[in-house]
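J.: Hey, dropping start_39.tsv in here, TSV, C-alpha atoms:
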```tsv
chain	number	residue	atom	x	y	z
A	1	MET	CA	-5.58	-16.16	-8.34
A	2	LEU	CA	-4.22	-12.67	-7.78
A	3	LYS	CA	-2.36	-12.61	-11.10
A	4	ASP	CA	-5.48	-13.52	-13.08
A	5	LYS	CA	-7.58	-10.90	-11.30
A	6	ILE	CA	-5.01	-8.21	-12.05
A	7	LEU	CA	-4.57	-9.19	-15.69
A	8	LYS	CA	-8.34	-9.30	-16.18
A	9	HIS	CA	-8.61	-5.84	-14.57
A	10	GLN	CA	-11.10	-7.08	-12.00
A	11	SER	CA	-12.55	-5.06	-9.14
A	12	GLY	CA	-12.64	-6.38	-5.59
A	13	ILE	CA	-9.02	-7.38	-5.01
A	14	ILE	CA	-8.39	-7.38	-1.26
A	15	THR	CA	-4.91	-7.33	0.28
A	16	TYR	CA	-3.54	-6.93	3.77
A	17	GLY	CA	-0.35	-5.03	4.53
A	18	ILE	CA	2.18	-5.66	7.28
A	19	THR	CA	5.57	-4.29	8.31
A	20	PRO	CA	8.26	-6.86	9.22
A	21	PRO	CA	9.63	-6.83	12.78
A	22	LYS	CA	12.48	-4.48	13.66
A	23	GLU	CA	15.97	-5.80	12.97
A	24	ASN	CA	17.11	-5.05	16.52
A	25	ASN	CA	14.47	-7.29	18.10
A	26	THR	CA	15.62	-10.44	19.85
A	27	LYS	CA	15.06	-13.79	18.12
A	28	GLU	CA	12.40	-14.56	20.69
A	29	LYS	CA	10.57	-11.28	20.01
A	30	ILE	CA	10.72	-11.81	16.24
A	31	LYS	CA	9.32	-15.31	16.72
A	32	GLU	CA	6.52	-13.92	18.88
A	33	ILE	CA	5.61	-11.21	16.34
A	34	THR	CA	5.73	-13.72	13.49
A	35	GLN	CA	3.43	-16.12	15.29
A	36	LYS	CA	0.88	-13.34	15.80
A	37	HIS	CA	1.10	-12.44	12.10
A	38	LEU	CA	0.51	-16.08	11.15
A	39	GLU	CA	-2.46	-16.46	13.48
A	40	ARG	CA	-4.12	-13.28	12.24
A	41	ILE	CA	-3.50	-13.75	8.54
A	42	GLU	CA	-3.80	-17.48	7.82
A	43	ASN	CA	-7.61	-17.46	7.96
A	44	LEU	CA	-8.10	-14.07	6.28
A	45	LYS	CA	-9.84	-14.23	2.93
A	46	ILE	CA	-7.39	-12.05	1.04
A	47	ASP	CA	-5.93	-12.16	-2.44
A	48	GLY	CA	-2.44	-11.19	-1.37
A	49	LEU	CA	-0.22	-10.10	1.52
A	50	ILE	CA	1.74	-6.88	1.15
A	51	ILE	CA	5.04	-6.78	3.06
A	52	TYR	CA	6.41	-3.27	3.37
A	53	ASP	CA	9.98	-2.09	2.92
A	54	ILE	CA	10.53	0.82	5.30
A	55	GLN	CA	12.79	3.79	4.62
A	56	ASP	CA	13.73	6.80	6.72
A	57	GLU	CA	11.40	9.64	5.71
A	58	ALA	CA	12.89	12.26	8.03
A	59	LYS	CA	13.87	14.58	5.15
A	60	ARG	CA	10.32	14.63	3.80
A	61	THR	CA	9.23	16.99	6.57
A	62	GLU	CA	10.77	19.18	9.25
A	63	GLN	CA	8.30	17.89	11.83
A	64	GLU	CA	9.60	15.39	14.36
A	65	ARG	CA	8.64	11.79	13.65
A	66	VAL	CA	5.87	10.61	15.98
A	67	PHE	CA	7.34	7.11	16.26
A	68	PRO	CA	11.12	6.54	15.90
A	69	TYR	CA	12.47	5.06	12.66
A	70	LEU	CA	14.13	1.67	13.08
A	71	ARG	CA	15.32	-0.69	10.37
A	72	THR	CA	13.14	-3.74	9.76
A	73	ILE	CA	13.83	-7.23	8.47
A	74	ASP	CA	14.07	-7.34	4.67
A	75	PRO	CA	10.55	-8.02	3.30
A	76	GLU	CA	11.67	-10.91	1.10
A	77	ILE	CA	13.52	-12.61	3.95
A	78	TYR	CA	10.52	-12.13	6.23
A	79	GLY	CA	8.07	-13.42	3.64
A	80	ASN	CA	10.09	-16.43	2.53
A	81	GLU	CA	11.72	-17.53	5.78
A	82	TYR	CA	9.30	-16.49	8.51
A	83	LEU	CA	5.91	-16.54	6.75
A	84	SER	CA	6.54	-19.46	4.41
A	85	GLN	CA	3.50	-21.40	5.68
A	86	LEU	CA	1.17	-18.68	4.36
A	87	LYS	CA	0.24	-20.02	0.93
A	88	ILE	CA	-0.92	-16.70	-0.51
A	89	PRO	CA	0.81	-14.35	-2.96
A	90	LYS	CA	3.22	-12.01	-1.21
A	91	ILE	CA	3.67	-8.54	-2.67
A	92	LEU	CA	7.06	-7.20	-1.66
A	93	TYR	CA	7.72	-3.48	-1.48
A	94	ARG	CA	11.16	-2.32	-2.58
A	95	CYS	CA	12.43	1.16	-1.64
A	96	VAL	CA	14.70	1.26	-4.67
A	97	GLY	CA	16.76	4.20	-3.46
A	98	LYS	CA	18.44	1.95	-0.89
A	99	TYR	CA	19.92	-0.37	-3.50
A	100	SER	CA	22.66	-0.12	-6.09
A	101	GLU	CA	21.93	-1.06	-9.70
A	102	GLU	CA	23.77	-4.34	-9.27
A	103	GLN	CA	21.89	-5.22	-6.08
A	104	LEU	CA	18.52	-4.50	-7.65
A	105	LYS	CA	19.48	-6.29	-10.88
A	106	GLU	CA	20.47	-9.39	-8.93
A	107	TRP	CA	17.23	-9.32	-6.95
A	108	ILE	CA	15.03	-8.85	-10.04
A	109	SER	CA	16.81	-11.74	-11.80
A	110	THR	CA	16.44	-14.17	-8.89
A	111	ASN	CA	13.90	-16.99	-8.64
A	112	ASN	CA	12.62	-17.01	-12.20
A	113	GLN	CA	10.78	-20.30	-11.69
A	114	THR	CA	7.80	-18.81	-9.83
A	115	ASP	CA	5.71	-15.68	-10.15
A	116	ARG	CA	6.79	-12.88	-7.83
A	117	TYR	CA	5.00	-9.65	-7.00
A	118	ALA	CA	6.70	-6.37	-6.18
A	119	VAL	CA	5.96	-2.68	-5.78
A	120	PHE	CA	8.81	-0.26	-6.39
A	121	VAL	CA	8.86	2.76	-4.08
A	122	GLY	CA	10.77	5.96	-4.85
A	123	ALA	CA	12.42	8.50	-2.57
A	124	ALA	CA	10.34	10.01	0.23
A	125	SER	CA	11.38	13.49	-0.90
A	126	SER	CA	13.57	15.26	-3.45
A	127	LYS	CA	16.06	15.96	-0.63
A	128	GLN	CA	16.65	12.27	0.03
A	129	GLN	CA	19.93	10.91	-1.31
A	130	VAL	CA	19.42	7.73	-3.30
A	131	THR	CA	21.56	5.25	-5.19
A	132	MET	CA	18.75	4.36	-7.60
A	133	LYS	CA	15.96	6.56	-8.92
A	134	LEU	CA	12.48	5.13	-9.41
A	135	ASN	CA	12.40	5.53	-13.21
A	136	ASP	CA	15.85	3.95	-13.45
A	137	ALA	CA	14.57	0.98	-11.46
A	138	TYR	CA	11.61	0.64	-13.82
A	139	GLU	CA	13.92	0.78	-16.84
A	140	LEU	CA	16.23	-1.80	-15.28
A	141	ASN	CA	13.30	-4.14	-14.72
A	142	GLN	CA	12.22	-3.74	-18.36
A	143	ARG	CA	15.71	-4.72	-19.59
A	144	ILE	CA	15.71	-7.93	-17.57
A	145	GLU	CA	13.61	-10.91	-18.59
A	146	SER	CA	12.16	-11.80	-15.20
A	147	ASN	CA	8.96	-13.13	-13.70
A	148	LEU	CA	8.49	-10.02	-11.58
A	149	PHE	CA	4.85	-8.92	-11.57
A	150	LEU	CA	5.16	-5.20	-10.93
A	151	GLY	CA	2.85	-2.78	-9.15
A	152	GLY	CA	3.14	0.92	-8.41
A	153	ILE	CA	2.33	3.50	-5.76
A	154	THR	CA	-0.30	6.19	-6.22
A	155	ILE	CA	-0.97	9.12	-3.88
A	156	PRO	CA	-4.43	10.69	-4.20
A	157	GLU	CA	-3.40	13.63	-1.97
A	158	ARG	CA	-0.68	14.53	-4.47
A	159	HIS	CA	-3.38	14.91	-7.10
A	160	MET	CA	-4.91	17.71	-5.03
A	161	LYS	CA	-1.72	19.75	-5.43
A	162	TYR	CA	-0.37	18.84	-8.87
A	163	HIS	CA	-3.48	17.47	-10.65
A	164	ASP	CA	-1.34	14.94	-12.54
A	165	GLU	CA	-1.51	11.75	-10.49
A	166	HIS	CA	-3.52	10.03	-13.23
A	167	LEU	CA	-0.70	10.79	-15.67
A	168	ARG	CA	1.82	9.36	-13.22
A	169	ILE	CA	-0.25	6.17	-13.20
A	170	ILE	CA	-0.29	6.05	-17.01
A	171	ASN	CA	3.48	6.62	-17.10
A	172	LYS	CA	4.10	3.82	-14.62
A	173	VAL	CA	1.85	1.48	-16.61
A	174	GLU	CA	4.06	2.17	-19.62
A	175	TYR	CA	7.02	1.14	-17.44
A	176	GLY	CA	5.30	-2.16	-16.71
A	177	CYS	CA	3.13	-1.57	-13.63
A	178	LYS	CA	-0.02	-3.70	-13.77
A	179	PHE	CA	-1.73	-2.57	-10.56
A	180	PHE	CA	-1.46	0.21	-7.99
A	181	VAL	CA	-1.63	0.56	-4.23
A	182	SER	CA	-2.52	3.94	-2.79
A	183	GLN	CA	-1.23	5.73	0.24
A	184	VAL	CA	-3.66	5.60	3.19
A	185	VAL	CA	-6.89	7.34	2.17
A	186	TYR	CA	-8.91	9.48	4.56
A	187	ASN	CA	-9.91	12.06	1.95
A	188	VAL	CA	-12.54	10.52	-0.29
A	189	GLU	CA	-12.77	13.64	-2.48
A	190	ALA	CA	-9.08	13.39	-3.37
A	191	ALA	CA	-9.54	9.73	-4.30
A	192	LYS	CA	-12.65	10.42	-6.38
A	193	ASN	CA	-10.95	13.32	-8.18
A	194	LEU	CA	-8.08	11.02	-9.09
A	195	LEU	CA	-10.44	8.29	-10.31
A	196	SER	CA	-12.41	10.81	-12.37
A	197	ASP	CA	-9.36	12.21	-14.16
A	198	TYR	CA	-7.95	8.70	-14.62
A	199	TYR	CA	-11.23	7.43	-16.08
A	200	TYR	CA	-11.75	10.25	-18.57
A	201	TYR	CA	-8.12	10.28	-19.69
A	202	CYS	CA	-8.23	6.53	-20.34
A	203	LEU	CA	-11.60	6.85	-22.07
A	204	GLN	CA	-10.40	9.61	-24.39
A	205	ASN	CA	-7.14	7.81	-25.19
A	206	GLU	CA	-8.57	4.26	-25.39
A	207	ILE	CA	-6.40	2.97	-22.55
A	208	ALA	CA	-7.44	0.00	-20.41
A	209	MET	CA	-7.66	0.89	-16.71
A	210	VAL	CA	-5.62	-1.23	-14.30
A	211	PRO	CA	-6.74	-2.05	-10.73
A	212	ILE	CA	-6.14	0.52	-7.99
A	213	LEU	CA	-6.16	-0.72	-4.40
A	214	PHE	CA	-7.05	2.01	-1.92
A	215	THR	CA	-5.34	1.63	1.44
A	216	LEU	CA	-7.37	1.92	4.63
A	217	THR	CA	-6.06	1.95	8.20
A	218	PRO	CA	-8.02	2.27	11.45
A	219	CYS	CA	-7.18	5.16	13.77
A	220	GLY	CA	-7.47	4.25	17.44
A	221	SER	CA	-5.71	7.14	19.14
A	222	ILE	CA	-4.70	10.77	18.72
A	223	LYS	CA	-1.09	9.60	18.47
A	224	THR	CA	-1.97	7.35	15.53
A	225	LEU	CA	-3.79	10.30	13.96
A	226	GLU	CA	-0.71	12.50	14.34
A	227	PHE	CA	1.51	9.76	12.89
A	228	MET	CA	-0.70	9.43	9.81
A	229	LYS	CA	-0.50	13.18	9.31
A	230	TRP	CA	3.29	12.99	9.66
A	231	LEU	CA	3.32	10.31	6.96
A	232	GLY	CA	1.56	12.74	4.65
A	233	VAL	CA	-1.97	11.38	4.91
A	234	HIS	CA	-4.40	14.23	4.28
A	235	ILE	CA	-7.22	14.26	6.79
A	236	PRO	CA	-9.92	16.88	6.12
A	237	LYS	CA	-10.51	19.29	8.99
A	238	TRP	CA	-14.09	18.15	9.54
A	239	LEU	CA	-12.98	14.54	9.80
A	240	GLU	CA	-10.12	15.40	12.13
A	241	ASN	CA	-12.59	17.28	14.34
A	242	GLU	CA	-14.81	14.21	14.43
A	243	LEU	CA	-11.93	11.98	15.52
A	244	HIS	CA	-10.74	14.46	18.15
A	245	ASN	CA	-14.17	14.89	19.70
A	246	THR	CA	-15.63	11.39	19.69
A	247	GLU	CA	-15.85	9.16	22.74
A	248	ASP	CA	-14.56	6.17	20.75
A	249	ILE	CA	-12.02	7.26	18.13
A	250	LEU	CA	-11.44	3.72	16.83
A	251	ASP	CA	-15.12	3.00	16.29
A	252	LYS	CA	-15.57	6.41	14.65
A	253	SER	CA	-12.66	5.89	12.27
A	254	MET	CA	-13.94	2.44	11.28
A	255	SER	CA	-17.36	3.86	10.54
A	256	LEU	CA	-15.90	6.70	8.46
A	257	LEU	CA	-13.62	4.37	6.50
A	258	LYS	CA	-16.45	2.00	5.60
A	259	LYS	CA	-18.65	4.91	4.54
A	260	GLN	CA	-15.93	6.42	2.36
A	261	MET	CA	-15.00	3.11	0.74
A	262	LYS	CA	-18.65	2.47	-0.07
A	263	GLU	CA	-18.82	5.90	-1.73
A	264	LEU	CA	-15.65	5.20	-3.72
A	265	LEU	CA	-16.92	1.79	-4.81
A	266	GLU	CA	-20.27	3.15	-5.95
A	267	TYR	CA	-18.50	5.83	-8.01
A	268	ALA	CA	-16.06	3.31	-9.52
A	269	ASN	CA	-18.80	0.81	-10.34
A	270	GLU	CA	-20.74	3.46	-12.28
A	271	LYS	CA	-17.77	3.84	-14.61
A	272	ASN	CA	-16.41	0.28	-14.49
A	273	ILE	CA	-13.17	1.45	-12.89
A	274	PRO	CA	-11.41	-1.58	-11.34
A	275	ILE	CA	-10.70	-0.78	-7.70
A	276	GLY	CA	-9.93	-2.86	-4.65
A	277	CYS	CA	-8.78	-2.39	-1.11
A	278	ASN	CA	-5.59	-2.78	0.89
A	279	VAL	CA	-5.95	-2.79	4.69
A	280	GLU	CA	-3.16	-2.17	7.18
A	281	SER	CA	-2.52	-0.92	10.69
A	282	VAL	CA	0.07	1.84	11.07
A	283	SER	CA	-0.09	1.22	14.81
A	284	ILE	CA	1.32	-1.76	16.70
A	285	ARG	CA	-1.41	-1.52	19.36
A	286	LYS	CA	-3.34	-4.78	19.57
A	287	VAL	CA	-6.74	-3.09	19.45
A	288	GLU	CA	-5.92	-1.27	16.20
A	289	ILE	CA	-4.42	-4.36	14.58
A	290	GLU	CA	-7.50	-6.38	15.46
A	291	ALA	CA	-9.67	-3.59	14.04
A	292	SER	CA	-7.72	-3.82	10.77
A	293	ILE	CA	-8.46	-7.56	10.61
A	294	GLN	CA	-12.13	-6.81	11.17
A	295	LEU	CA	-11.96	-4.17	8.43
A	296	VAL	CA	-10.72	-6.77	5.94
A	297	GLU	CA	-13.82	-8.85	6.59
A	298	GLU	CA	-16.05	-5.79	6.22
A	299	MET	CA	-14.38	-4.89	2.92
A	300	ARG	CA	-14.77	-8.43	1.65
A	301	GLY	CA	-18.49	-8.13	2.29
A	302	LEU	CA	-18.62	-4.73	0.63
A	303	PHE	CA	-16.97	-5.97	-2.56
A	304	ALA	CA	-18.90	-9.26	-2.69
```
Take the structure in this file and express it as structure tokens.

T.:
Amino acid sequence: MLKDKILKHQSGIITYGITPPKENNTKEKIKEITQKHLERIENLKIDGLIIYDIQDEAKRTEQERVFPYLRTIDPEIYGNEYLSQLKIPKILYRCVGKYSEEQLKEWISTNNQTDRYAVFVGAASSKQQVTMKLNDAYELNQRIESNLFLGGITIPERHMKYHDEHLRIINKVEYGCKFFVSQVVYNVEAAKNLLSDYYYYCLQNEIAMVPILFTLTPCGSIKTLEFMKWLGVHIPKWLENELHNTEDILDKSMSLLKKQMKELLEYANEKNIPIGCNVESVSIRKVEIEASIQLVEEMRGLFA
């Protein structure tokens, strides 16, 4: 079970991430999208399904968004009402800045009979107006006796700039986070630097390391590449050149992702750092979604 693997700080946890359909879709379109999700996911050998909560990130950058922002169905509603036949743990993202304290308190307190998994997400930028700050949400969760099994976000690229991402992880663990999911990783050096600082800090301070799931997403077009960059994914220049100049960008990205994850796993295994993998597709193109499903199977083999 996912909970046992997390509590035992095991490596090899595999999850798959999806975004719910847009709110403005017709009922027929939502049903069609849901059916495709069910068909793709029900036979996947994954430990959990991540359902994202999307927020408008326009204030994070002055660059125009590659794909327009549209509100999506609430992740809990989508998981419970549309994907109820999937008998796997569902990890719900919560962009806490969208909710008032009372709204979040009510949600945290709900459904105490069964284990629930959640990842709190903070503001996309310091310029974003929010009704609830991330640390306040963590503190609220600590005050409430709930069955919420909490995870956190980690951003390896941020470690390149501030060199303190490992301390952010430690701080979030103190707030109750028991596992972490990274932003999409295309820079293996940033991820290894984070793991190194995290490992040695925990070693020196006798702190148990919690699982970190590194997120991978196939890139099947230049537009997808530009969208990932807009999202803040750091893609080294050499790697970007490779993707721009290959005859098959999707195949090239898949090859690079597998190579980088293998390198990360070998490094983590040397130091007994518990890592896993989260796979998603930031594109809605069928070919990229199918590649993400294939990538799950490849990662399962890698971690076996």

J.: Can you pull out every residue within 7 Å of range 235-250 of chain A, counting only C-alpha atoms, but drop anything in the same chain fewer than 2 positions away, and send it as a list in words?

T.: Tyr186, Asn187, Pro218, Cys219, Gly220, Ser221, Val233, Lys252, Ser253 and Met254 of chain A

J.: Could you please determine the separation between CA of Val181 in chain A and CA of Phe120 in chain A in Å, to one decimal place?

T.: 10.7 Å

J.: Go through A:Thr110, A:Thr215, A:Ser283, A:Ser196 and flag the residue nearest Thr15 in chain A, using only C-alpha atoms for the distances.

T.: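 Closest to Thr15 in chain A of all the choices is A:Thr215.
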
J.: Find the residues around range 97-102 of chain A up to 10 Å (all atoms listed in the file counted), leave out those fewer than 2 positions away in its own chain, and share them as JSON, numbers by chain.

T.: {"A": [55, 94, 95, 104, 105, 106, 107, 108, 120, 121, 122, 123, 124, 128, 129, 130, 131, 132, 133, 134, 136, 137, 140]}

J.: With a distance cut-off of 10 Å and only C-alpha atoms, select the neighbouring residues of Ile41 in chain A, excluding the residue or stretch itself and same-chain residues fewer than 3 positions from it, and output the selection as a list in words.

T.: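 Listed by chain and then number, they are Tyr16, Ile18, Gln35, Lys36, His37, Leu38, Leu44, Lys45, Ile46, Leu49, Leu83, Leu86, Ile88 and Ile293 of chain A.
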
J.: Using all atoms listed in the file for the distances, tell me which of A:Val185, A:Ile275, A:Ala304, A:Gln204 is nearest to Leu257 in chain A.

T.: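 Looking only at the distances to Leu257 in chain A, the closest residue turns out to be A:Val185.
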
J.: Please provide the set of residues having any atom within 10 Å of Ser11 in chain A, restricted to all atoms listed in the file, with same-chain residues fewer than 3 positions apart removed, written as a ChimeraX atom specification.

T.: /A:5-6,8,14,210-213,265,268-269,272-277,303-304

J.: Hey, which of A:Lys192, A:Arg158, A:Arg168, A:Arg40 ends up closest to Phe214 in chain A? Count all atoms listed in the file.

T.: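 Among the listed residues, A:Lys192 lies closest to Phe214 in chain A.
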
J.: So what do you get for CA of Ile54 in chain A versus CA of Trp230 in chain A, distance-wise?

T.: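 Computing it gives 14.8 Å between the two atoms.
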
J.: Compare A:Lys286, A:Arg71, A:Arg300, A:Lys271 by their minimum atom-to-atom distance to Tyr198 in chain A, counting all atoms listed in the file, and give me the closest one.

T.: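 Residue with the minimum atom-to-atom distance to Tyr198 in chain A: A:Lys271.
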
J.: Excluding Glu157 in chain A and any residue of its chain fewer than 3 positions from it, enumerate the residues within 10 Å of it, using all atoms listed in the file, and give them as a PyMOL selection string.

T.: chain A and resi 154+160-163+165+182-191+193-194+232-235

J.: From the set A:Leu150, A:Glu42, A:Glu81, A:Leu195, which residue has the shortest atom-to-atom contact distance to Asp164 in chain A, counting only C-alpha atoms?

T.: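 Smallest distance to Asp164 in chain A is found for A:Leu195.
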
J.: Using all atoms listed in the file, which of the listed residues (A:Asn25, A:Asn43, A:Asn80, A:Thr72) sits closest to Val296 in chain A?

T.: A:Asn43

J.: What is the distance between CA of Tyr117 in chain A and CA of Pro89 in chain A, in Å to one decimal?

T.: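 CA of Pro89 in chain A lies at a distance of 7.5 Å from CA of Tyr117 in chain A.
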